[in-house]
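The next block is start.cif, given as mmCIF, C-alpha atoms.
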```cif
data_coords
#
loop_
_atom_site.label_atom_id
_atom_site.label_comp_id
_atom_site.auth_asym_id
_atom_site.auth_seq_id
_atom_site.Cartn_x
_atom_site.Cartn_y
_atom_site.Cartn_z
CA MET A 1 2.54 38.70 29.17
CA ILE A 2 -0.84 39.10 27.53
CA THR A 3 -2.38 42.54 27.15
CA VAL A 4 -5.90 43.18 25.90
CA LEU A 5 -6.37 46.55 24.22
CA ARG A 6 -9.93 47.83 23.86
CA LEU A 7 -10.24 50.48 21.14
CA GLY A 8 -12.83 53.22 20.66
CA HIS A 9 -14.54 53.03 24.03
CA ARG A 10 -17.48 55.41 24.47
CA VAL A 11 -18.38 55.97 28.11
CA ARG A 12 -22.14 56.10 27.68
CA ARG A 13 -22.66 53.48 25.06
CA ASP A 14 -19.98 50.87 25.80
CA LYS A 15 -19.80 50.86 29.56
CA ARG A 16 -21.08 47.34 30.07
CA VAL A 17 -19.63 45.73 26.95
CA THR A 18 -16.18 47.14 27.71
CA THR A 19 -16.48 46.06 31.35
CA HIS A 20 -17.26 42.54 30.14
CA CYS A 21 -14.17 42.66 27.91
CA GLY A 22 -12.07 43.60 30.91
CA LEU A 23 -13.56 40.95 33.18
CA VAL A 24 -13.18 38.22 30.55
CA SER A 25 -9.54 39.23 30.06
CA ARG A 26 -8.94 38.83 33.77
CA ALA A 27 -10.93 35.59 34.23
CA LEU A 28 -9.12 33.97 31.31
CA LEU A 29 -5.74 35.01 32.71
CA ALA A 30 -4.67 37.91 30.55
CA ASP A 31 -2.32 40.14 32.56
CA ARG A 32 -3.41 43.60 31.59
CA PHE A 33 -6.32 45.57 30.17
CA VAL A 34 -5.64 48.79 28.30
CA LEU A 35 -8.54 51.10 27.55
CA ALA A 36 -8.45 53.48 24.56
CA GLY A 37 -11.09 55.86 23.26
CA GLU A 38 -12.90 57.95 25.84
CA GLU A 39 -11.32 58.03 29.28
CA ASP A 40 -13.38 56.13 31.87
CA ASN A 41 -11.88 56.01 35.33
CA GLU A 42 -15.01 54.56 36.86
CA LEU A 43 -14.71 51.53 34.61
CA LEU A 44 -11.02 51.06 35.36
CA GLU A 45 -11.74 51.39 39.08
CA ARG A 46 -14.43 48.75 38.81
CA LEU A 47 -11.99 46.33 37.19
CA ARG A 48 -9.38 47.05 39.86
CA SER A 49 -11.88 46.52 42.65
CA VAL A 50 -12.82 43.12 41.18
CA SER A 51 -9.17 42.14 41.40
CA LYS A 52 -8.95 43.33 44.98
CA LYS A 53 -11.93 41.22 45.97
CA TRP A 54 -11.47 38.17 43.73
CA GLY A 55 -7.67 38.07 43.65
CA GLY A 56 -4.97 38.09 41.05
CA THR A 57 -2.54 40.68 39.74
CA PHE A 58 -4.58 41.94 36.78
CA LYS A 59 -3.81 45.54 35.79
CA ALA A 60 -6.11 48.05 34.09
CA LYS A 61 -5.06 51.40 32.65
CA TYR A 62 -6.05 54.10 30.18
CA GLU A 63 -4.05 54.93 27.06
CA LYS A 64 -4.77 58.15 25.22
CA ASP A 65 -2.84 57.36 22.03
CA TRP A 66 -3.49 53.77 21.00
CA LYS A 67 -1.36 54.07 17.88
CA ALA A 68 1.71 55.23 19.78
CA PHE A 69 1.04 52.48 22.33
CA LEU A 70 0.94 49.76 19.68
CA LYS A 71 4.03 51.09 17.88
CA LYS A 72 5.94 51.07 21.15
CA GLU A 73 4.77 47.54 21.90
CA LYS A 74 5.81 46.42 18.44
CA LYS A 75 9.26 47.95 18.88
CA ARG A 76 9.61 46.00 22.11
CA GLY A 77 8.91 42.80 20.19
CA SER A 78 5.26 42.25 21.15
CA VAL A 79 3.04 40.48 18.65
CA LEU A 80 -0.17 42.34 17.80
CA ILE A 81 -3.31 40.32 17.20
CA HIS A 82 -6.37 42.12 15.96
CA LEU A 83 -9.67 40.29 16.38
CA THR A 84 -11.91 41.29 13.49
CA PHE A 85 -14.85 40.06 11.59
CA TYR A 86 -12.82 40.25 8.36
CA GLY A 87 -9.65 38.36 9.27
CA LEU A 88 -8.43 34.80 8.79
CA PRO A 89 -10.21 32.12 10.86
CA PHE A 90 -8.38 32.19 14.21
CA GLN A 91 -8.67 28.50 14.92
CA GLU A 92 -6.61 27.69 11.82
CA GLN A 93 -3.88 30.16 12.79
CA VAL A 94 -3.33 29.44 16.47
CA ALA A 95 -0.80 26.62 16.09
CA SER A 96 1.48 28.41 13.63
CA MET A 97 1.07 31.68 15.57
CA ARG A 98 2.18 29.99 18.75
CA LYS A 99 5.45 29.03 17.06
CA LYS A 100 6.01 32.56 15.77
CA VAL A 101 5.15 34.21 19.06
CA GLY A 102 7.30 31.95 21.25
CA LYS A 103 8.08 33.86 24.43
CA LYS A 104 7.19 37.28 23.07
CA ASN A 105 4.45 39.35 24.63
CA LEU A 106 1.01 39.40 23.06
CA VAL A 107 -1.31 42.34 22.55
CA ILE A 108 -4.85 41.34 21.62
CA ILE A 109 -6.86 44.18 20.13
CA VAL A 110 -10.66 44.35 20.17
CA GLY A 111 -12.47 47.29 18.63
CA ALA A 112 -15.82 48.87 19.22
CA GLU A 113 -18.20 49.57 16.30
CA LYS A 114 -15.73 50.87 13.68
CA VAL A 115 -12.01 50.21 13.70
CA PRO A 116 -9.43 52.57 12.12
CA ARG A 117 -8.17 51.23 8.81
CA GLU A 118 -4.49 51.56 9.79
CA LEU A 119 -4.90 48.89 12.44
CA TYR A 120 -5.18 46.18 9.77
CA ALA A 121 -1.69 47.07 8.54
CA LEU A 122 -0.20 47.58 11.99
CA ALA A 123 -1.41 44.23 13.37
CA ASP A 124 0.72 41.13 12.89
CA PHE A 125 -2.41 39.03 12.61
CA ASN A 126 -5.98 39.97 11.71
CA LEU A 127 -8.11 37.09 12.92
CA SER A 128 -11.82 36.35 12.75
CA VAL A 129 -13.86 34.32 15.19
CA THR A 130 -16.50 32.99 12.80
CA LEU A 131 -17.40 35.17 9.81
CA GLN A 132 -20.68 36.19 11.42
CA PRO A 133 -21.58 39.33 13.34
CA HIS A 134 -21.57 38.63 17.07
CA SER A 135 -19.58 39.95 20.01
CA GLU A 136 -16.06 41.10 20.73
CA ILE A 137 -16.52 39.64 24.22
CA ALA A 138 -17.13 36.17 22.82
CA ALA A 139 -14.34 36.56 20.25
CA LEU A 140 -11.91 37.49 23.01
CA ALA A 141 -12.98 34.57 25.21
CA LEU A 142 -12.69 32.03 22.40
CA PHE A 143 -9.34 33.38 21.23
CA LEU A 144 -7.85 33.28 24.75
CA ASP A 145 -9.19 29.78 25.34
CA TYR A 146 -7.70 28.45 22.09
CA TRP A 147 -4.47 30.33 22.69
CA TYR A 148 -4.03 28.62 26.07
CA GLY A 149 -5.37 25.35 24.71
CA GLY A 150 -8.01 25.40 27.43
CA LYS A 151 -5.39 25.32 30.20
CA GLU A 152 -6.48 28.69 31.62
CA LEU A 153 -9.66 27.00 32.85
CA GLY A 154 -7.85 24.37 34.92
CA LEU A 155 -8.86 24.66 38.58
CA ALA A 156 -5.28 24.46 39.87
CA LYS A 157 -4.20 27.16 37.46
CA GLN A 158 -7.13 29.41 38.34
CA LYS A 159 -6.50 28.89 42.05
CA ARG A 160 -2.88 29.91 41.64
CA ALA A 161 -3.80 32.96 39.57
CA PHE A 162 -6.38 34.20 42.06
CA GLY A 163 -4.79 32.85 45.23
CA ASN A 164 -4.89 36.17 47.08
CA ALA A 165 -8.69 36.48 46.82
CA VAL A 166 -10.88 37.75 49.64
CA VAL A 167 -13.92 36.00 48.20
CA ARG A 168 -13.98 32.60 46.56
CA ILE A 169 -16.71 30.45 44.99
CA VAL A 170 -16.92 26.79 45.94
CA PRO A 171 -18.50 25.01 42.95
CA GLN A 172 -21.86 23.36 43.67
CA ALA A 173 -24.17 21.13 41.67
CA ARG A 174 -27.10 23.18 43.09
CA GLY A 175 -27.20 26.48 44.94
CA LYS A 176 -24.44 28.83 45.96
CA LYS A 177 -21.43 28.56 48.22
CA VAL A 178 -19.19 31.52 48.78
CA LEU A 179 -16.06 31.51 50.92
CA ARG A 180 -14.81 34.67 52.56
CA VAL A 181 -11.16 34.69 53.50
CA PHE A 182 -10.18 36.83 56.48
CA GLY A 183 -6.85 37.91 57.90
CA MET B 184 -31.97 21.44 18.76
CA ILE B 185 -30.20 23.98 20.94
CA THR B 186 -32.18 26.83 22.51
CA VAL B 187 -30.62 29.70 24.42
CA LEU B 188 -32.89 31.27 27.03
CA ARG B 189 -31.97 34.72 28.30
CA LEU B 190 -33.56 35.51 31.66
CA GLY B 191 -34.34 38.83 33.29
CA HIS B 192 -33.81 41.12 30.32
CA ARG B 193 -34.25 44.84 31.05
CA VAL B 194 -34.80 46.87 27.91
CA ARG B 195 -32.82 49.94 28.92
CA ARG B 196 -29.94 48.37 30.74
CA ASP B 197 -29.35 45.08 28.91
CA LYS B 198 -30.05 45.98 25.29
CA ARG B 199 -26.52 45.46 24.04
CA VAL B 200 -25.47 42.61 26.30
CA THR B 201 -28.61 40.65 25.45
CA THR B 202 -28.14 41.38 21.74
CA HIS B 203 -24.61 39.99 22.01
CA CYS B 204 -26.03 36.86 23.68
CA GLY B 205 -28.41 36.43 20.76
CA LEU B 206 -25.77 37.01 18.11
CA VAL B 207 -23.31 34.62 19.77
CA SER B 208 -26.03 31.97 19.95
CA ARG B 209 -26.61 32.33 16.23
CA ALA B 210 -22.93 32.53 15.19
CA LEU B 211 -22.10 29.41 17.22
CA LEU B 212 -24.99 27.51 15.66
CA ALA B 213 -27.64 27.43 18.34
CA ASP B 214 -31.07 27.14 16.72
CA ARG B 215 -33.19 29.46 18.77
CA PHE B 216 -33.04 32.42 21.12
CA VAL B 217 -35.77 32.89 23.69
CA LEU B 218 -36.00 36.20 25.52
CA ALA B 219 -37.54 36.44 28.99
CA GLY B 220 -37.87 39.42 31.30
CA GLU B 221 -39.05 42.66 29.74
CA GLU B 222 -40.49 42.37 26.26
CA ASP B 223 -38.22 43.86 23.60
CA ASN B 224 -39.46 43.54 20.05
CA GLU B 225 -36.82 45.87 18.69
CA LEU B 226 -34.12 43.51 19.92
CA LEU B 227 -35.86 40.44 18.49
CA GLU B 228 -36.32 42.24 15.18
CA ARG B 229 -32.63 43.10 15.11
CA LEU B 230 -31.70 39.45 15.58
CA ARG B 231 -34.11 38.40 12.84
CA SER B 232 -32.76 41.00 10.45
CA VAL B 233 -29.22 39.71 11.03
CA SER B 234 -30.41 36.26 9.97
CA LYS B 235 -32.07 37.69 6.89
CA LYS B 236 -28.87 39.39 5.82
CA TRP B 237 -26.25 36.91 7.01
CA GLY B 238 -28.18 33.69 6.46
CA GLY B 239 -29.27 30.72 8.51
CA THR B 240 -32.51 29.61 10.09
CA PHE B 241 -31.99 31.07 13.58
CA LYS B 242 -35.22 31.92 15.40
CA ALA B 243 -35.82 34.55 18.07
CA LYS B 244 -38.93 34.91 20.22
CA TYR B 245 -40.25 36.35 23.47
CA GLU B 246 -41.52 34.23 26.35
CA LYS B 247 -43.53 35.87 29.11
CA ASP B 248 -43.40 32.99 31.59
CA TRP B 249 -39.91 31.50 31.68
CA LYS B 250 -40.82 28.99 34.38
CA ALA B 251 -43.73 27.55 32.41
CA PHE B 252 -41.49 27.50 29.34
CA LEU B 253 -38.78 25.50 31.11
CA LYS B 254 -41.25 23.09 32.68
CA LYS B 255 -42.78 22.42 29.28
CA GLU B 256 -39.34 21.87 27.77
CA LYS B 257 -38.44 19.49 30.56
CA LYS B 258 -41.63 17.52 30.03
CA ARG B 259 -40.72 17.18 26.38
CA GLY B 260 -37.39 15.66 27.40
CA SER B 261 -35.12 18.68 26.90
CA VAL B 262 -32.07 18.96 29.13
CA LEU B 263 -31.74 22.28 30.96
CA ILE B 264 -28.28 23.72 31.45
CA HIS B 265 -27.92 26.79 33.62
CA LEU B 266 -24.69 28.74 33.22
CA THR B 267 -23.86 30.28 36.57
CA PHE B 268 -20.95 31.57 38.50
CA TYR B 269 -21.71 29.06 41.30
CA GLY B 270 -22.00 25.80 39.38
CA LEU B 271 -19.64 22.93 38.65
CA PRO B 272 -16.77 23.66 36.22
CA PHE B 273 -18.35 23.13 32.81
CA GLN B 274 -15.24 21.78 31.13
CA GLU B 275 -15.21 18.80 33.52
CA GLN B 276 -18.87 18.01 32.85
CA VAL B 277 -19.15 18.24 29.08
CA ALA B 278 -18.11 14.68 28.24
CA SER B 279 -20.45 12.97 30.73
CA MET B 280 -23.22 15.43 29.87
CA ARG B 281 -22.92 14.59 26.21
CA LYS B 282 -23.64 10.95 27.05
CA LYS B 283 -26.66 11.83 29.17
CA VAL B 284 -28.07 14.27 26.63
CA GLY B 285 -27.70 12.02 23.59
CA LYS B 286 -30.20 13.19 21.01
CA LYS B 287 -32.34 15.21 23.40
CA ASN B 288 -32.82 18.91 22.93
CA LEU B 289 -30.76 21.35 24.96
CA VAL B 290 -31.87 24.55 26.63
CA ILE B 291 -28.99 26.74 27.79
CA ILE B 292 -30.02 29.38 30.32
CA VAL B 293 -28.10 32.60 30.92
CA GLY B 294 -29.32 35.09 33.49
CA ALA B 295 -28.92 38.81 33.90
CA GLU B 296 -27.77 40.28 37.25
CA LYS B 297 -29.77 38.14 39.68
CA VAL B 298 -31.23 34.74 38.91
CA PRO B 299 -34.33 33.30 40.65
CA ARG B 300 -33.37 30.68 43.21
CA GLU B 301 -35.77 28.07 41.80
CA LEU B 302 -33.75 27.86 38.63
CA TYR B 303 -30.95 26.03 40.43
CA ALA B 304 -33.38 23.24 41.30
CA LEU B 305 -35.14 23.21 37.95
CA ALA B 306 -31.93 22.98 35.89
CA ASP B 307 -30.46 19.57 35.13
CA PHE B 308 -26.98 21.07 35.30
CA ASN B 309 -25.70 24.23 36.97
CA LEU B 310 -22.34 24.92 35.35
CA SER B 311 -19.70 27.58 35.89
CA VAL B 312 -17.32 28.96 33.31
CA THR B 313 -14.42 29.82 35.62
CA LEU B 314 -15.25 30.80 39.20
CA GLN B 315 -14.58 34.46 38.49
CA PRO B 316 -16.99 37.27 37.68
CA HIS B 317 -16.99 37.98 33.95
CA SER B 318 -19.64 37.80 31.24
CA GLU B 319 -22.61 35.65 30.32
CA ILE B 320 -21.70 36.30 26.68
CA ALA B 321 -18.27 34.73 27.13
CA ALA B 322 -19.69 31.89 29.22
CA LEU B 323 -22.21 31.10 26.50
CA ALA B 324 -19.56 31.19 23.77
CA LEU B 325 -17.18 28.91 25.66
CA PHE B 326 -19.91 26.48 26.61
CA LEU B 327 -21.19 26.17 23.03
CA ASP B 328 -17.67 25.76 21.70
CA TYR B 329 -16.86 22.96 24.17
CA TRP B 330 -20.23 21.37 23.62
CA TYR B 331 -19.61 21.13 19.88
CA GLY B 332 -15.95 20.26 20.47
CA GLY B 333 -15.00 23.24 18.30
CA LYS B 334 -16.80 21.81 15.27
CA GLU B 335 -19.21 24.76 15.03
CA LEU B 336 -16.28 26.91 13.89
CA GLY B 337 -15.41 24.73 10.90
CA LEU B 338 -15.68 26.73 7.68
CA ALA B 339 -17.63 24.04 5.84
CA LYS B 340 -20.08 23.76 8.73
CA GLN B 341 -20.50 27.53 8.97
CA LYS B 342 -20.98 27.81 5.22
CA ARG B 343 -23.72 25.19 5.32
CA ALA B 344 -25.43 26.84 8.28
CA PHE B 345 -25.47 30.29 6.70
CA GLY B 346 -25.68 29.20 3.06
CA ASN B 347 -28.67 31.42 2.26
CA ALA B 348 -26.84 34.64 3.16
CA VAL B 349 -27.16 37.86 1.20
CA VAL B 350 -23.83 39.12 2.55
CA ARG B 351 -20.74 37.06 3.16
CA ILE B 352 -17.24 37.83 4.47
CA VAL B 353 -14.26 36.48 2.56
CA PRO B 354 -11.45 36.09 5.13
CA GLN B 355 -8.39 38.27 4.51
CA ALA B 356 -4.97 38.55 6.15
CA ARG B 357 -5.32 42.36 5.84
CA GLY B 358 -8.28 44.56 5.02
CA LYS B 359 -11.88 43.71 4.28
CA LYS B 360 -13.63 41.71 1.61
CA VAL B 361 -17.40 41.47 1.56
CA LEU B 362 -19.40 39.48 -0.95
CA ARG B 363 -22.96 40.45 -1.80
CA VAL B 364 -25.11 37.69 -3.24
CA PHE B 365 -27.90 38.73 -5.61
CA GLY B 366 -30.80 36.89 -7.11
#
```
Once more with this new file: its structure as structure tokens, please.
Amino acid sequence: MITVLRLGHRVRRDKRVTTHCGLVSRALLADRFVLAGEEDNELLERLRSVSKKWGGTFKAKYEKDWKAFLKKEKKRGSVLIHLTFYGLPFQEQVASMRKKVGKKNLVIIVGAEKVPRELYALADFNLSVTLQPHSEIAALALFLDYWYGGKELGLAKQKRAFGNAVVRIVPQARGKKVLRVFG
Amino acid sequence: MITVLRLGHRVRRDKRVTTHCGLVSRALLADRFVLAGEEDNELLERLRSVSKKWGGTFKAKYEKDWKAFLKKEKKRGSVLIHLTFYGLPFQEQVASMRKKVGKKNLVIIVGAEKVPRELYALADFNLSVTLQPHSEIAALALFLDYWYGGKELGLAKQKRAFGNAVVRIVPQARGKKVLRVFG
């Protein structure tokens, strides 16, 4: 199971960026999105309604105490991966990480502006996606893609993951084709 | 040369998402960011100031008439790639695209909420990054990474690209290390 934990959410400022984090998690086949920081039920509802319409079993929930959450996950054997500007280049770590992680659950942590110092110690891996300032959304997407070795994008795999969709896109070279599934 | 064109920017609503698009373009070694939609000099200035501090030769500019811009690019031989929810799966197209593009310039187009219909006809390729709703920031990151075959992430390549930086991150397993270059 792959969980994405978003730290330090601020309702007003981060609404769209955090929503993108949630949607990317789902589209790239993470199982669960956990929101920390300010509570934001509207955002969680939006993510849930995307799943209802577009399929899948993606879960979204709020967690008041991120530290307690991570400690509990760690006790259960989950591996904590913190995506940060300052960490080791992720692409060089993925292969050896995969061996260490094996069948354990993964928690991928993405922060907002400033991340609490303790997280660097708590995380099993602090990983950077380039050493340049950019976007936690892009970092998350690239990490997930490398973690799965690109397999999450496979059409058969995506179809399976989102098989219970009400709405489906049929890829087109030009224009739009949307399928609505009834019944 | 790789240009990223952001369509339909709205100053109030898209400030952060568009900034992320610009920063991802730069971090993943695109050469130029072109903003269309509402003019936003503050945003362009922010992108330029990142380049000043973190290095590189990334350019950012505003373009009032995106259609004229794309037509001019096309006339000059550039290949136009439109990232859209409705297009063909990008990962299946990259190899054959690379052959067609050769040494021509690339313009990658990412829209905001709703994209003008004409773009689908104007683009040489309409490509989707999964068939699920998520994020133009993630789509852009994944496309660039596949386009470069992951080479844009190489430390030597990144170092060369951002060699003239004033501030540099030194990757750490834990904690933060920032290098300031004087002189």
How close does each residue of chain B get to chain A, giving the shortest atom pair and distance in Å to one decimal for every residue with an atom at most 7 Å away, counting all atoms listed in the file, sorted by chain and residue number, as JSON lines?
```
{"residue": "B:Val200", "atom": "CA", "partner": "A:Val17", "partner_atom": "CA", "distance": 6.7}
{"residue": "B:His203", "atom": "CA", "partner": "A:Ser135", "partner_atom": "CA", "distance": 5.4}
{"residue": "B:Leu206", "atom": "CA", "partner": "A:His134", "partner_atom": "CA", "distance": 4.6}
{"residue": "B:Val207", "atom": "CA", "partner": "A:His134", "partner_atom": "CA", "distance": 5.1}
{"residue": "B:Ala210", "atom": "CA", "partner": "A:Gln132", "partner_atom": "CA", "distance": 5.7}
{"residue": "B:Tyr269", "atom": "CA", "partner": "A:Lys176", "partner_atom": "CA", "distance": 5.4}
{"residue": "B:Gly270", "atom": "CA", "partner": "A:Gln172", "partner_atom": "CA", "distance": 4.9}
{"residue": "B:Leu271", "atom": "CA", "partner": "A:Pro171", "partner_atom": "CA", "distance": 4.9}
{"residue": "B:Tyr303", "atom": "CA", "partner": "A:Arg174", "partner_atom": "CA", "distance": 5.5}
{"residue": "B:Ala304", "atom": "CA", "partner": "A:Arg174", "partner_atom": "CA", "distance": 6.5}
{"residue": "B:Phe308", "atom": "CA", "partner": "A:Ala173", "partner_atom": "CA", "distance": 7.0}
{"residue": "B:Asn309", "atom": "CA", "partner": "A:Ala173", "partner_atom": "CA", "distance": 5.8}
{"residue": "B:Thr313", "atom": "CA", "partner": "A:Leu153", "partner_atom": "CA", "distance": 6.2}
{"residue": "B:Leu314", "atom": "CA", "partner": "A:Ile169", "partner_atom": "CA", "distance": 6.0}
{"residue": "B:Gln315", "atom": "CA", "partner": "A:Ala27", "partner_atom": "CA", "distance": 5.7}
{"residue": "B:Pro316", "atom": "CA", "partner": "A:Leu23", "partner_atom": "CA", "distance": 6.7}
{"residue": "B:His317", "atom": "CA", "partner": "A:Leu23", "partner_atom": "CA", "distance": 4.6}
{"residue": "B:Ser318", "atom": "CA", "partner": "A:His20", "partner_atom": "CA", "distance": 5.4}
{"residue": "B:Ile320", "atom": "CA", "partner": "A:Ala138", "partner_atom": "CA", "distance": 6.0}
{"residue": "B:Ala321", "atom": "CA", "partner": "A:Ala138", "partner_atom": "CA", "distance": 4.7}
{"residue": "B:Ala324", "atom": "CA", "partner": "A:Ala138", "partner_atom": "CA", "distance": 5.6}
{"residue": "B:Leu325", "atom": "CA", "partner": "A:Leu142", "partner_atom": "CA", "distance": 6.4}
{"residue": "B:Leu336", "atom": "CA", "partner": "A:Thr130", "partner_atom": "CA", "distance": 6.2}
{"residue": "B:Ile352", "atom": "CA", "partner": "A:Leu131", "partner_atom": "CA", "distance": 6.0}
{"residue": "B:Pro354", "atom": "CA", "partner": "A:Leu88", "partner_atom": "CA", "distance": 4.9}
{"residue": "B:Gln355", "atom": "CA", "partner": "A:Gly87", "partner_atom": "CA", "distance": 4.9}
{"residue": "B:Ala356", "atom": "CA", "partner": "A:Gly87", "partner_atom": "CA", "distance": 5.6}
{"residue": "B:Arg357", "atom": "CA", "partner": "A:Tyr120", "partner_atom": "CA", "distance": 5.5}
{"residue": "B:Gly358", "atom": "CA", "partner": "A:Tyr120", "partner_atom": "CA", "distance": 5.9}
{"residue": "B:Lys359", "atom": "CA", "partner": "A:Tyr86", "partner_atom": "CA", "distance": 5.4}
{"residue": "B:Lys360", "atom": "CA", "partner": "A:Tyr86", "partner_atom": "CA", "distance": 7.0}
```
Restricted to C-alpha atoms, what would the selected residues look like written as a JSON list (two decimals), in the frame of the given file?
```
[["chain", "number", "residue", "atom", "x", "y", "z"],
["B", 200, "VAL", "CA", -25.47, 42.61, 26.30],
["B", 203, "HIS", "CA", -24.61, 39.99, 22.01],
["B", 206, "LEU", "CA", -25.77, 37.01, 18.11],
["B", 207, "VAL", "CA", -23.31, 34.62, 19.77],
["B", 210, "ALA", "CA", -22.93, 32.53, 15.19],
["B", 269, "TYR", "CA", -21.71, 29.06, 41.30],
["B", 270, "GLY", "CA", -22.00, 25.80, 39.38],
["B", 271, "LEU", "CA", -19.64, 22.93, 38.65],
["B", 303, "TYR", "CA", -30.95, 26.03, 40.43],
["B", 304, "ALA", "CA", -33.38, 23.24, 41.30],
["B", 308, "PHE", "CA", -26.98, 21.07, 35.30],
["B", 309, "ASN", "CA", -25.70, 24.23, 36.97],
["B", 313, "THR", "CA", -14.42, 29.82, 35.62],
["B", 314, "LEU", "CA", -15.25, 30.80, 39.20],
["B", 315, "GLN", "CA", -14.58, 34.46, 38.49],
["B", 316, "PRO", "CA", -16.99, 37.27, 37.68],
["B", 317, "HIS", "CA", -16.99, 37.98, 33.95],
["B", 318, "SER", "CA", -19.64, 37.80, 31.24],
["B", 320, "ILE", "CA", -21.70, 36.30, 26.68],
["B", 321, "ALA", "CA", -18.27, 34.73, 27.13],
["B", 324, "ALA", "CA", -19.56, 31.19, 23.77],
["B", 325, "LEU", "CA", -17.18, 28.91, 25.66],
["B", 336, "LEU", "CA", -16.28, 26.91, 13.89],
["B", 352, "ILE", "CA", -17.24, 37.83, 4.47],
["B", 354, "PRO", "CA", -11.45, 36.09, 5.13],
["B", 355, "GLN", "CA", -8.39, 38.27, 4.51],
["B", 356, "ALA", "CA", -4.97, 38.55, 6.15],
["B", 357, "ARG", "CA", -5.32, 42.36, 5.84],
["B", 358, "GLY", "CA", -8.28, 44.56, 5.02],
["B", 359, "LYS", "CA", -11.88, 43.71, 4.28],
["B", 360, "LYS", "CA", -13.63, 41.71, 1.61]]
```
Between atom CA of B:Val290 and atom CA of B:Leu227, what is the distance, to one decimal in Å?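 Separation of atom CA of B:Val290 and atom CA of B:Leu227: 18.3 Å.
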Exercise: B:Met184 partners within 9 Å, only C-alpha atoms, chain neighbours under 5 positions left out, as number ranges by chain: B: 213-215, 286-290
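Coordinates place atom CA of B:Leu263 at a distance of 27.1 Å from atom CA of B:Glu225.
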One decimal, Å: what's the distance from atom CA of A:Lys74 over to atom CA of A:Met97, could you say?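 Taking atom CA of A:Lys74 as the start and atom CA of A:Met97 as the end point, the length is 15.7 Å.
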With 12 Å as the threshold, what does the neighbourhood of (-34.7, 31.4, 24.0) contain in terms of residues, counting only C-alpha atoms? Coordinates are those of the file; answer as a PDB file with C-alpha atoms, in the coordinates of the input.
```pdb
ATOM      1  CA  MET B 184     -31.970  21.440  18.760  1.00  0.00           C
ATOM      2  CA  ILE B 185     -30.200  23.980  20.940  1.00  0.00           C
ATOM      3  CA  THR B 186     -32.180  26.830  22.510  1.00  0.00           C
ATOM      4  CA  VAL B 187     -30.620  29.700  24.420  1.00  0.00           C
ATOM      5  CA  LEU B 188     -32.890  31.270  27.030  1.00  0.00           C
ATOM      6  CA  ARG B 189     -31.970  34.720  28.300  1.00  0.00           C
ATOM      7  CA  LEU B 190     -33.560  35.510  31.660  1.00  0.00           C
ATOM      8  CA  GLY B 191     -34.340  38.830  33.290  1.00  0.00           C
ATOM      9  CA  HIS B 192     -33.810  41.120  30.320  1.00  0.00           C
ATOM     10  CA  THR B 201     -28.610  40.650  25.450  1.00  0.00           C
ATOM     11  CA  CYS B 204     -26.030  36.860  23.680  1.00  0.00           C
ATOM     12  CA  GLY B 205     -28.410  36.430  20.760  1.00  0.00           C
ATOM     13  CA  SER B 208     -26.030  31.970  19.950  1.00  0.00           C
ATOM     14  CA  ARG B 209     -26.610  32.330  16.230  1.00  0.00           C
ATOM     15  CA  ALA B 213     -27.640  27.430  18.340  1.00  0.00           C
ATOM     16  CA  ASP B 214     -31.070  27.140  16.720  1.00  0.00           C
ATOM     17  CA  ARG B 215     -33.190  29.460  18.770  1.00  0.00           C
ATOM     18  CA  PHE B 216     -33.040  32.420  21.120  1.00  0.00           C
ATOM     19  CA  VAL B 217     -35.770  32.890  23.690  1.00  0.00           C
ATOM     20  CA  LEU B 218     -36.000  36.200  25.520  1.00  0.00           C
ATOM     21  CA  ALA B 219     -37.540  36.440  28.990  1.00  0.00           C
ATOM     22  CA  GLY B 220     -37.870  39.420  31.300  1.00  0.00           C
ATOM     23  CA  LEU B 227     -35.860  40.440  18.490  1.00  0.00           C
ATOM     24  CA  PHE B 241     -31.990  31.070  13.580  1.00  0.00           C
ATOM     25  CA  LYS B 242     -35.220  31.920  15.400  1.00  0.00           C
ATOM     26  CA  ALA B 243     -35.820  34.550  18.070  1.00  0.00           C
ATOM     27  CA  LYS B 244     -38.930  34.910  20.220  1.00  0.00           C
ATOM     28  CA  TYR B 245     -40.250  36.350  23.470  1.00  0.00           C
ATOM     29  CA  GLU B 246     -41.520  34.230  26.350  1.00  0.00           C
ATOM     30  CA  LYS B 247     -43.530  35.870  29.110  1.00  0.00           C
ATOM     31  CA  ASP B 248     -43.400  32.990  31.590  1.00  0.00           C
ATOM     32  CA  TRP B 249     -39.910  31.500  31.680  1.00  0.00           C
ATOM     33  CA  PHE B 252     -41.490  27.500  29.340  1.00  0.00           C
ATOM     34  CA  LEU B 253     -38.780  25.500  31.110  1.00  0.00           C
ATOM     35  CA  GLU B 256     -39.340  21.870  27.770  1.00  0.00           C
ATOM     36  CA  LEU B 263     -31.740  22.280  30.960  1.00  0.00           C
ATOM     37  CA  LEU B 289     -30.760  21.350  24.960  1.00  0.00           C
ATOM     38  CA  VAL B 290     -31.870  24.550  26.630  1.00  0.00           C
ATOM     39  CA  ILE B 291     -28.990  26.740  27.790  1.00  0.00           C
ATOM     40  CA  ILE B 292     -30.020  29.380  30.320  1.00  0.00           C
ATOM     41  CA  VAL B 293     -28.100  32.600  30.920  1.00  0.00           C
ATOM     42  CA  GLY B 294     -29.320  35.090  33.490  1.00  0.00           C
TER      43      GLY B 294
END
```
Need to verify the contact set: B:Phe365, 12 Å, all atoms listed in the file, exclusion of same-chain residues closer than 2 positions in sequence. Can you return it as a list in words? Lys236, Asn347, Ala348, Val349, Val350, Arg351, Leu362 and Arg363 of chain B
